[in-house]
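Chemist: This one is final.csv, CSV, C-alpha atoms.
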```csv
chain,number,residue,atom,x,y,z
B,209,MET,CA,22.6,-31.4,-26.7
B,210,SER,CA,26.3,-31.2,-27.6
B,211,TYR,CA,29.4,-29.3,-26.3
B,212,VAL,CA,31.8,-26.8,-27.8
B,213,THR,CA,35.2,-26.7,-26.2
B,214,ILE,CA,36.7,-23.2,-25.8
B,215,SER,CA,40.4,-22.9,-25.0
B,216,PRO,CA,40.8,-19.5,-23.4
B,217,ALA,CA,43.6,-17.4,-24.7
B,218,TYR,CA,44.5,-16.3,-21.2
B,219,GLY,CA,44.3,-18.4,-18.1
B,220,ARG,CA,44.4,-22.1,-17.7
B,221,GLY,CA,42.1,-25.0,-18.7
B,222,LYS,CA,39.3,-25.3,-21.1
B,223,THR,CA,35.6,-24.4,-20.9
B,224,ARG,CA,32.9,-26.6,-22.4
B,225,LEU,CA,29.8,-24.8,-23.5
B,226,LEU,CA,26.5,-26.6,-23.9
B,227,VAL,CA,24.8,-25.9,-27.2
B,228,ARG,CA,21.6,-27.1,-28.7
B,229,PRO,CA,21.7,-29.8,-31.3
B,230,SER,CA,22.6,-28.7,-34.8
B,231,SER,CA,20.9,-31.4,-36.7
B,232,GLY,CA,17.6,-29.7,-37.5
B,233,GLY,CA,16.1,-26.4,-38.5
B,234,GLN,CA,14.4,-26.0,-35.1
B,235,PHE,CA,17.7,-25.3,-33.3
B,236,GLY,CA,20.4,-24.9,-36.0
B,237,LEU,CA,20.4,-22.4,-38.8
B,238,ARG,CA,18.8,-23.1,-42.1
B,239,VAL,CA,20.8,-22.6,-45.3
B,240,GLU,CA,18.9,-19.4,-46.1
B,241,ASP,CA,19.8,-18.0,-42.6
B,242,ILE,CA,23.5,-18.7,-43.1
B,243,PHE,CA,23.6,-17.0,-46.4
B,244,LYS,CA,21.4,-14.1,-45.3
B,245,PRO,CA,23.2,-10.9,-46.3
B,246,THR,CA,24.5,-8.8,-43.4
B,247,ASP,CA,24.6,-5.5,-45.2
B,248,GLY,CA,23.0,-2.8,-43.1
B,249,ALA,CA,23.2,-5.0,-40.0
B,250,LEU,CA,22.9,-3.0,-36.8
B,251,SER,CA,25.2,-5.1,-34.7
B,252,ASP,CA,28.9,-4.4,-34.6
B,253,ASP,CA,31.2,-7.1,-33.2
B,254,ARG,CA,33.9,-4.6,-32.3
B,255,GLU,CA,31.4,-2.6,-30.3
B,256,GLN,CA,30.2,-5.7,-28.6
B,257,VAL,CA,33.6,-6.4,-27.1
B,258,THR,CA,34.3,-2.8,-26.1
B,259,GLY,CA,34.6,-2.5,-22.3
B,260,ASN,CA,35.8,-6.0,-21.8
B,261,THR,CA,39.3,-6.9,-20.9
B,262,LEU,CA,41.4,-8.3,-23.7
B,263,ALA,CA,41.2,-11.8,-22.2
B,264,GLU,CA,37.4,-11.6,-22.0
B,265,SER,CA,37.2,-10.2,-25.6
B,266,ILE,CA,39.3,-13.1,-26.9
B,267,PHE,CA,37.4,-15.7,-25.0
B,268,GLU,CA,34.0,-14.2,-26.0
B,269,SER,CA,35.0,-13.9,-29.7
B,270,LEU,CA,36.2,-17.5,-29.8
B,271,ALA,CA,33.1,-18.7,-28.0
B,272,ASN,CA,30.8,-16.7,-30.4
B,273,ALA,CA,32.6,-18.2,-33.5
B,274,LYS,CA,32.4,-21.7,-32.2
B,275,ILE,CA,28.8,-21.4,-31.0
B,276,TRP,CA,27.8,-20.0,-34.4
B,277,THR,CA,29.6,-22.8,-36.2
B,278,SER,CA,27.8,-25.3,-34.1
B,279,LYS,CA,24.5,-23.9,-35.4
B,280,VAL,CA,25.5,-24.5,-39.0
B,281,ALA,CA,27.4,-27.7,-38.3
B,282,MET,CA,24.7,-29.8,-40.0
B,283,HIS,CA,25.8,-28.4,-43.3
B,284,MET,CA,29.5,-29.0,-42.6
B,285,ASP,CA,31.9,-31.9,-42.6
B,286,MET,CA,32.8,-32.7,-39.0
B,287,ALA,CA,36.5,-32.9,-39.9
B,288,ASN,CA,36.3,-29.4,-41.4
B,289,ARG,CA,34.6,-28.0,-38.3
B,290,ASP,CA,37.2,-29.5,-36.0
B,291,ARG,CA,40.0,-28.2,-38.1
B,292,PHE,CA,38.5,-24.7,-38.2
B,293,PHE,CA,38.3,-24.8,-34.4
B,294,ARG,CA,41.9,-25.8,-34.0
B,295,GLN,CA,43.0,-23.1,-36.4
B,296,LEU,CA,40.9,-20.5,-34.5
B,297,ASP,CA,42.5,-21.6,-31.2
B,298,ARG,CA,46.0,-21.3,-32.7
B,299,LEU,CA,45.3,-17.8,-34.0
B,300,HIS,CA,44.2,-16.7,-30.5
B,301,ASP,CA,47.2,-18.2,-28.6
B,302,ALA,CA,47.9,-15.8,-25.7
B,303,GLU,CA,51.7,-16.6,-25.9
B,304,GLU,CA,51.7,-15.2,-29.5
B,305,TRP,CA,49.4,-12.3,-29.0
B,306,MET,CA,50.6,-8.8,-30.0
B,307,GLU,CA,49.6,-5.7,-28.1
B,308,GLY,CA,46.7,-3.8,-29.6
B,309,ASP,CA,45.5,-6.7,-31.7
B,310,GLN,CA,41.8,-7.6,-31.8
B,311,PRO,CA,40.3,-11.1,-31.8
B,312,VAL,CA,38.4,-12.5,-34.8
B,313,GLN,CA,35.4,-10.4,-35.8
B,314,LEU,CA,32.4,-12.8,-35.9
B,315,GLU,CA,31.1,-11.3,-39.1
B,316,THR,CA,34.3,-11.9,-41.0
B,317,TYR,CA,34.4,-15.5,-39.7
B,318,LYS,CA,30.7,-16.0,-40.8
B,319,ASN,CA,31.6,-14.7,-44.2
B,320,PHE,CA,34.5,-17.2,-44.5
B,321,ILE,CA,32.2,-20.1,-43.4
B,322,ARG,CA,29.6,-19.1,-46.0
B,323,PHE,CA,32.2,-19.3,-48.7
B,324,MET,CA,33.4,-22.6,-47.4
B,325,LEU,CA,29.9,-24.0,-47.4
B,326,SER,CA,29.4,-23.1,-51.0
B,327,ASP,CA,32.4,-22.7,-53.3
B,328,GLY,CA,35.2,-23.7,-51.0
B,329,ARG,CA,33.7,-26.9,-49.6
B,330,ASP,CA,36.3,-29.3,-50.9
B,331,SER,CA,39.4,-27.2,-50.0
B,332,LYS,CA,41.6,-26.9,-46.9
B,333,PRO,CA,42.9,-23.4,-46.5
B,334,SER,CA,45.4,-22.0,-44.1
B,335,LEU,CA,43.9,-19.2,-41.9
B,336,ALA,CA,45.4,-16.0,-40.7
B,337,LEU,CA,44.2,-13.0,-38.7
B,338,SER,CA,44.9,-9.3,-39.2
B,339,ALA,CA,45.6,-7.0,-36.3
B,340,ASP,CA,42.0,-5.7,-36.4
B,341,GLY,CA,40.5,-9.2,-36.4
B,342,VAL,CA,39.7,-9.8,-40.1
B,343,LEU,CA,40.0,-13.5,-41.1
B,344,THR,CA,42.2,-14.3,-44.1
B,345,ALA,CA,42.2,-17.6,-45.9
B,346,ILE,CA,45.2,-18.7,-48.0
B,347,TRP,CA,45.2,-21.5,-50.5
B,348,VAL,CA,48.7,-22.7,-51.8
B,349,ALA,CA,49.2,-24.9,-54.8
B,350,GLY,CA,52.9,-25.3,-55.5
B,351,THR,CA,54.2,-21.7,-56.0
B,352,ASP,CA,50.7,-20.4,-56.8
B,353,ARG,CA,48.8,-18.7,-54.0
B,354,LEU,CA,45.3,-17.4,-53.5
B,355,THR,CA,44.8,-15.0,-50.5
B,356,VAL,CA,41.3,-13.9,-49.5
B,357,GLU,CA,40.4,-11.5,-46.7
B,358,PHE,CA,36.9,-12.2,-45.6
B,359,GLN,CA,35.6,-8.8,-44.5
B,360,ARG,CA,32.3,-7.7,-43.0
B,361,HIS,CA,29.1,-7.1,-44.9
B,362,ASN,CA,29.7,-10.0,-47.3
B,363,ARG,CA,32.8,-8.4,-48.9
B,364,VAL,CA,36.1,-10.1,-49.9
B,365,SER,CA,39.4,-8.7,-50.9
B,366,TRP,CA,41.4,-11.2,-52.9
B,367,VAL,CA,44.9,-11.5,-54.4
B,368,VAL,CA,46.1,-14.2,-56.8
B,369,SER,CA,49.8,-14.9,-57.4
B,370,ASN,CA,50.5,-17.4,-60.3
B,371,THR,CA,53.9,-18.4,-61.6
B,372,ILE,CA,53.9,-18.6,-65.4
B,373,GLY,CA,57.4,-19.7,-66.6
B,374,PRO,CA,59.9,-17.3,-65.2
B,375,ASN,CA,57.3,-14.6,-64.4
B,376,VAL,CA,54.8,-14.1,-61.6
B,377,GLU,CA,51.3,-13.1,-62.7
B,378,ARG,CA,49.5,-11.2,-60.0
B,379,ALA,CA,45.9,-9.9,-59.8
B,380,ALA,CA,43.8,-8.4,-57.0
B,381,GLY,CA,40.2,-7.3,-56.5
B,382,ILE,CA,37.4,-6.6,-54.2
B,383,THR,CA,34.0,-8.1,-54.6
B,384,SER,CA,31.1,-9.7,-52.8
B,385,THR,CA,31.6,-13.2,-51.4
B,386,ASP,CA,29.1,-14.8,-53.8
B,387,ARG,CA,31.0,-13.3,-56.8
B,388,LEU,CA,34.4,-14.4,-55.7
B,389,LEU,CA,34.6,-17.5,-57.8
B,390,THR,CA,33.4,-15.5,-60.9
B,391,ASN,CA,36.2,-13.0,-60.3
B,392,LEU,CA,38.8,-15.7,-60.0
B,393,ALA,CA,37.7,-17.6,-63.1
B,394,PRO,CA,40.6,-16.4,-65.3
B,395,TYR,CA,43.1,-17.7,-62.8
B,396,GLU,CA,42.1,-21.4,-62.7
B,397,PRO,CA,40.8,-21.3,-59.1
B,398,ARG,CA,40.0,-25.0,-59.0
B,399,LYS,CA,43.7,-25.8,-58.3
B,400,TRP,CA,43.2,-24.2,-54.9
B,401,LEU,CA,39.5,-24.9,-54.2
B,402,ALA,CA,38.9,-28.4,-55.6
B,403,THR,CA,41.4,-30.4,-53.6
B,404,LYS,CA,42.0,-31.2,-50.0
E,265,MET,CA,56.6,19.6,-23.3
E,266,ALA,CA,58.9,19.6,-26.4
E,267,ARG,CA,59.7,16.2,-27.9
E,268,ASP,CA,63.3,15.4,-28.5
E,269,LYS,CA,64.1,15.7,-32.2
E,270,VAL,CA,64.4,12.3,-33.9
E,271,ARG,CA,67.3,11.9,-36.2
E,272,ILE,CA,66.0,10.8,-39.6
E,273,SER,CA,68.2,9.8,-42.5
E,274,PRO,CA,67.7,7.7,-45.6
E,275,ILE,CA,68.9,4.0,-45.6
E,276,PRO,CA,71.1,2.8,-48.6
E,277,ASP,CA,69.4,0.6,-51.2
E,278,CYS,CA,71.9,-2.2,-50.6
E,279,ASP,CA,70.9,-2.6,-47.0
E,280,HIS,CA,68.2,-4.7,-45.4
E,281,LEU,CA,65.1,-4.4,-43.3
E,282,MET,CA,63.5,-6.8,-40.8
E,283,ARG,CA,59.8,-6.9,-40.0
E,284,LEU,CA,58.2,-9.0,-37.2
E,285,VAL,CA,55.6,-11.4,-38.4
E,286,PRO,CA,53.5,-12.8,-35.5
E,287,HIS,CA,52.2,-16.4,-35.7
E,288,LYS,CA,48.7,-15.3,-36.8
E,289,GLN,CA,50.1,-13.6,-39.9
E,290,GLN,CA,52.0,-16.6,-41.1
E,291,ILE,CA,50.8,-19.2,-43.6
E,292,ARG,CA,50.8,-22.5,-41.7
E,293,ASP,CA,49.8,-26.0,-42.7
E,294,PRO,CA,46.1,-26.3,-41.8
E,295,ASP,CA,46.7,-29.7,-40.1
E,296,THR,CA,50.2,-29.6,-38.8
E,297,ASP,CA,50.7,-25.9,-38.2
E,298,VAL,CA,54.1,-26.2,-40.0
E,299,PHE,CA,55.4,-22.8,-41.2
E,300,ILE,CA,54.9,-22.3,-45.0
E,301,GLY,CA,55.3,-18.6,-45.5
E,302,ILE,CA,54.0,-15.1,-44.7
E,303,VAL,CA,50.5,-13.7,-45.4
E,304,ASN,CA,50.4,-10.4,-47.3
E,305,THR,CA,48.5,-8.8,-44.5
E,306,ALA,CA,51.7,-8.9,-42.4
E,307,PHE,CA,52.5,-5.7,-44.3
E,308,SER,CA,49.2,-4.0,-43.4
E,309,LEU,CA,49.8,-1.0,-41.1
E,310,ARG,CA,49.3,-1.8,-37.5
E,311,THR,CA,48.5,0.7,-34.7
E,312,SER,CA,52.1,0.4,-33.6
E,313,ASP,CA,53.3,1.5,-37.1
E,314,LYS,CA,53.8,5.1,-36.4
E,315,GLY,CA,53.7,7.2,-39.6
E,316,GLY,CA,54.8,4.3,-41.8
E,317,LEU,CA,55.7,0.6,-42.0
E,318,SER,CA,57.8,-0.1,-39.0
E,319,THR,CA,61.0,-2.3,-39.4
E,320,GLN,CA,64.5,-2.8,-38.1
E,321,TRP,CA,67.5,-1.6,-40.1
E,322,VAL,CA,69.7,-4.8,-40.2
E,323,GLU,CA,73.0,-3.1,-41.1
E,324,TYR,CA,72.7,-0.6,-38.2
E,325,PHE,CA,73.6,-3.6,-36.0
E,326,GLY,CA,76.4,-5.0,-38.1
E,327,GLU,CA,77.0,-7.2,-41.1
E,328,LYS,CA,74.0,-9.1,-42.4
E,329,SER,CA,74.1,-12.4,-40.4
E,330,LEU,CA,72.2,-14.4,-37.8
E,331,PRO,CA,74.0,-12.7,-34.9
E,332,THR,CA,73.1,-9.3,-36.3
E,333,TYR,CA,69.5,-10.4,-36.7
E,334,SER,CA,69.6,-11.4,-33.1
E,335,SER,CA,70.8,-8.0,-32.0
E,336,ALA,CA,68.2,-6.2,-34.1
E,337,ALA,CA,65.4,-8.5,-32.8
E,338,GLU,CA,66.6,-8.0,-29.2
E,339,ARG,CA,66.5,-4.2,-29.5
E,340,TYR,CA,63.1,-4.4,-31.1
E,341,ARG,CA,61.7,-6.6,-28.4
E,342,ASP,CA,63.1,-4.5,-25.5
E,343,ASN,CA,61.3,-1.5,-26.9
E,344,LEU,CA,57.9,-3.2,-26.9
E,345,PRO,CA,55.7,-2.4,-23.9
E,346,SER,CA,55.5,-6.1,-23.1
E,347,LYS,CA,59.2,-6.7,-23.8
E,348,ARG,CA,58.4,-10.1,-25.3
E,349,ILE,CA,58.0,-11.7,-28.7
E,350,GLY,CA,56.0,-14.9,-29.2
E,351,SER,CA,58.1,-18.1,-29.6
E,352,LEU,CA,56.4,-18.9,-33.0
E,353,ALA,CA,57.1,-15.5,-34.5
E,354,TYR,CA,59.3,-15.0,-37.5
E,355,PHE,CA,61.2,-12.0,-38.9
E,356,ALA,CA,61.0,-11.4,-42.6
E,357,ILE,CA,64.0,-9.8,-44.2
E,358,GLY,CA,64.0,-7.8,-47.4
E,359,ASN,CA,66.4,-5.5,-49.4
E,360,VAL,CA,65.8,-1.8,-49.3
E,361,GLY,CA,66.3,-1.4,-53.1
E,362,MET,CA,63.8,-4.1,-53.8
E,363,VAL,CA,61.2,-2.6,-51.4
E,364,LYS,CA,61.6,0.7,-53.3
E,365,LEU,CA,61.4,-1.0,-56.7
E,366,ALA,CA,58.2,-2.9,-55.8
E,367,ALA,CA,56.6,0.3,-54.5
E,368,SER,CA,57.5,2.3,-57.6
E,369,GLU,CA,56.0,-0.4,-59.8
E,370,ALA,CA,52.9,0.1,-57.7
E,371,LYS,CA,53.1,3.8,-58.4
E,372,LYS,CA,54.1,4.7,-54.8
E,373,ARG,CA,56.9,7.0,-54.0
E,374,ILE,CA,58.1,5.7,-50.6
E,375,ARG,CA,61.1,6.6,-48.5
E,376,VAL,CA,63.0,4.2,-46.3
E,377,VAL,CA,64.5,6.1,-43.4
E,378,HIS,CA,66.4,5.4,-40.2
E,379,GLU,CA,64.2,6.7,-37.4
E,380,PRO,CA,65.2,5.7,-33.9
E,381,ASP,CA,62.2,4.9,-31.7
E,382,GLY,CA,62.8,5.1,-27.9
E,383,THR,CA,65.5,2.7,-26.9
E,384,ASN,CA,65.4,1.1,-30.4
E,385,GLU,CA,68.2,2.9,-32.1
E,386,GLY,CA,68.0,0.7,-35.2
E,387,HIS,CA,64.4,1.4,-36.0
E,388,ALA,CA,63.6,2.1,-39.7
E,389,VAL,CA,60.3,3.3,-41.2
E,390,ILE,CA,59.0,3.0,-44.8
E,391,ARG,CA,57.4,6.4,-45.2
E,392,ARG,CA,54.5,7.4,-47.5
E,393,PHE,CA,53.5,3.7,-47.4
E,394,THR,CA,49.8,2.9,-47.6
E,395,ASP,CA,48.4,-0.6,-47.3
E,396,ASP,CA,45.5,-0.2,-49.7
E,397,ASP,CA,47.2,-2.0,-52.6
E,398,ARG,CA,46.9,-5.7,-51.7
E,399,ALA,CA,48.9,-6.7,-54.8
E,400,LEU,CA,51.9,-4.7,-53.5
E,401,LEU,CA,51.6,-6.3,-50.1
E,402,ASP,CA,51.6,-9.7,-51.8
E,403,VAL,CA,54.9,-8.7,-53.7
E,404,LEU,CA,56.4,-7.7,-50.4
E,405,ALA,CA,55.3,-10.9,-48.6
E,406,ILE,CA,56.4,-13.3,-51.4
E,407,GLU,CA,59.2,-11.7,-53.4
E,408,VAL,CA,60.8,-8.9,-51.4
E,409,PHE,CA,60.8,-10.1,-47.7
E,410,ALA,CA,61.5,-13.6,-48.9
E,411,GLU,CA,64.1,-14.5,-46.2
E,412,HIS,CA,62.4,-15.8,-43.0
E,413,VAL,CA,64.1,-16.3,-39.7
E,414,TRP,CA,62.4,-18.0,-36.8
E,415,VAL,CA,62.9,-16.3,-33.4
E,416,GLY,CA,63.9,-19.7,-32.0
E,417,ASP,CA,66.9,-19.6,-34.2
E,418,LEU,CA,68.0,-16.3,-32.8
E,419,ASP,CA,70.1,-15.8,-29.8
E,420,LEU,CA,67.9,-13.5,-27.7
E,421,ASN,CA,69.0,-12.7,-24.1
```
Write the structure described by the file as structure tokens, please.
Modeler:
Amino acid sequence: MSYVTISPAYGRGKTRLLVRPSSGGQFGLRVEDIFKPTDGALSDDREQVTGNTLAESIFESLANAKIWTSKVAMHMDMANRDRFFRQLDRLHDAEEWMEGDQPVQLETYKNFIRFMLSDGRDSKPSLALSADGVLTAIWVAGTDRLTVEFQRHNRVSWVVSNTIGPNVERAAGITSTDRLLTNLAPYEPRKWLATK
Amino acid sequence: MARDKVRISPIPDCDHLMRLVPHKQQIRDPDTDVFIGIVNTAFSLRTSDKGGLSTQWVEYFGEKSLPTYSSAAERYRDNLPSKRIGSLAYFAIGNVGMVKLAASEAKKRIRVVHEPDGTNEGHAVIRRFTDDDRALLDVLAIEVFAEHVWVGDLDLN
């Protein structure tokens, strides 16, 4: 057994949730489960949190993200897992919360982790959260920037900004997560994704 | 009950706009959380953006300077239901003419208008703005609203 620490966005203290070991297929998720497409899924994270107070919704969303991460942790570098948790905690800081905002949608977080377990494994992105709870990852290399919104149903919306001499070259697109690297190929994505 | 008529007027191209960027829409170092910049989704429309992208008109409060930013931020904050802004928030500042130029290059015909909102007399709105063009949001975040002011550097009463 192991624990996942949840820092509530509202209220004091921390909660430690007991989770099952993530070192084997019996309890954790197998690779094929992690990458299982979610298109047509019946569940809706936003519906799941409806009816809760904001504090409960934030706590529940954070807990769900961390518990799900613990199930795939055997495929993930521990330092990466810890950093993702710290980033998630910061994004849900109650002191910084804006009225009307939504906590992270689990499906968008899963989509991000799927990418990180495949093409983004060796990189260290900044994370941001839209008002409606969509997770965005940002990779910065000098003045060049890659921004990817990890949406639901295995979709991503990406923007590249590359400085070429005095000009800025910009491109954007929408694709599936597994096609992202192919879409980015003309823009030398390794400068963002191959280094920590 | 009839609503009071809101006075709407265009804002000169040489003037400036301020938009609040909360902590979670900033680019921060993944380890140290040091501020690096602003994410393009900071220019996505929020539920609080009524009829366009909501900003503060800097010059309504005086000459472009830190004390003026403070006045504009204070008025913005006081009109929020919570009457508070996070201590890690930033304001991004951009020129009206550059906003229009970026929008026109993205084939959007926006209008930048002064539109008081409640007690916030210096409120400005970018009308006919849609957030579907992520490349435009990127231009706004990186090139247009390129001046960033931390609320900790403002004198807020």
Chemist: In Å, with one decimal, what is the gap from CA of Lys399 (chain B) to CA of Val408 (chain E)?
Modeler: 25.0 Å
Chemist: Which residues are near region 372-389 of chain E? Cut-off 8 Å, all atoms listed in the file, ignore same chain within fewer than 3 positions. Put them as a CSV table (one decimal) with C-alpha atoms, keeping the file's coordinate frame.
Modeler:
```csv
chain,number,residue,atom,x,y,z
E,270,VAL,CA,64.4,12.3,-33.9
E,271,ARG,CA,67.3,11.9,-36.2
E,272,ILE,CA,66.0,10.8,-39.6
E,273,SER,CA,68.2,9.8,-42.5
E,274,PRO,CA,67.7,7.7,-45.6
E,275,ILE,CA,68.9,4.0,-45.6
E,281,LEU,CA,65.1,-4.4,-43.3
E,315,GLY,CA,53.7,7.2,-39.6
E,316,GLY,CA,54.8,4.3,-41.8
E,317,LEU,CA,55.7,0.6,-42.0
E,318,SER,CA,57.8,-0.1,-39.0
E,319,THR,CA,61.0,-2.3,-39.4
E,320,GLN,CA,64.5,-2.8,-38.1
E,321,TRP,CA,67.5,-1.6,-40.1
E,322,VAL,CA,69.7,-4.8,-40.2
E,324,TYR,CA,72.7,-0.6,-38.2
E,325,PHE,CA,73.6,-3.6,-36.0
E,336,ALA,CA,68.2,-6.2,-34.1
E,339,ARG,CA,66.5,-4.2,-29.5
E,340,TYR,CA,63.1,-4.4,-31.1
E,342,ASP,CA,63.1,-4.5,-25.5
E,343,ASN,CA,61.3,-1.5,-26.9
E,360,VAL,CA,65.8,-1.8,-49.3
E,364,LYS,CA,61.6,0.7,-53.3
E,367,ALA,CA,56.6,0.3,-54.5
E,368,SER,CA,57.5,2.3,-57.6
E,369,GLU,CA,56.0,-0.4,-59.8
E,392,ARG,CA,54.5,7.4,-47.5
E,393,PHE,CA,53.5,3.7,-47.4
```
Chemist: Rounded to one decimal, what separation in Å do you get between CA of Met306 (chain B) and CA of Arg360 (chain B)?
Modeler: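 Computed distance, CA of Met306 (chain B) to CA of Arg360 (chain B), equals 22.5 Å.
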Chemist: Please identify all polymer residues within 12 Å of Arg289 (chain B), counting only C-alpha atoms, omitting same-chain residues fewer than 4 positions from it, and present them as a list in words.
Modeler: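 Residues near the query, excluding close chain neighbours: Val212, Ala273, Lys274, Ile275, Trp276, Thr277, Ser278, Lys279, Val280, Ala281, Met282, His283, Met284, Asp285, Phe293, Arg294, Gln295, Leu296, Ile321, Met324, Leu325, Arg329 and Lys332 of chain B.
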Chemist: Go through B:Asn288, B:Thr344, B:Gln310, B:Thr316 one by one, measure the shortest atom-to-atom distance of each to Thr305 (chain E) using only C-alpha atoms, and give the residue with the smallest value.
Modeler: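 When distances to Thr305 (chain E) are compared using only C-alpha atoms, the smallest one comes from B:Thr344.
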Chemist: Within 6 Å of chain E, which residues of chain B show up when using all atoms listed in the file, listed as a ChimeraX atom specification?
Modeler: /B:299,303-304,334,336-337,380
Chemist: I'd like to know which of E:Cys278, E:Leu284, E:Ala370, E:Leu418 is closest to Glu327 (chain E), using only C-alpha atoms.
Modeler: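 With only C-alpha atoms as the atom set, the closest residue is E:Cys278.
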Chemist: Taking (64.8, -15.6, -32.3) as a centre in this file's frame and 9 Å as the limit, can you find every polymer residue with an atom that close, using all atoms listed in the file, and give them as a list of chain:residue names?
Modeler: E:Tyr333, E:Ser334, E:Ala337, E:Glu338, E:Ile349, E:Ser351, E:Ala353, E:Tyr354, E:Phe355, E:Val413, E:Trp414, E:Val415, E:Gly416, E:Asp417, E:Leu418, E:Asp419, E:Leu420
Chemist: Where's the centre, and what are the edge lengths in Å to one decimal, of a box along x, y and z enclosing all listed atoms of region 405-411 of chain E padded 5 Å per side, as JSON?
Modeler:
```
{"center_x": 59.7, "center_y": -11.7, "center_z": -49.8, "size_x": 18.8, "size_y": 15.6, "size_z": 17.2}
```
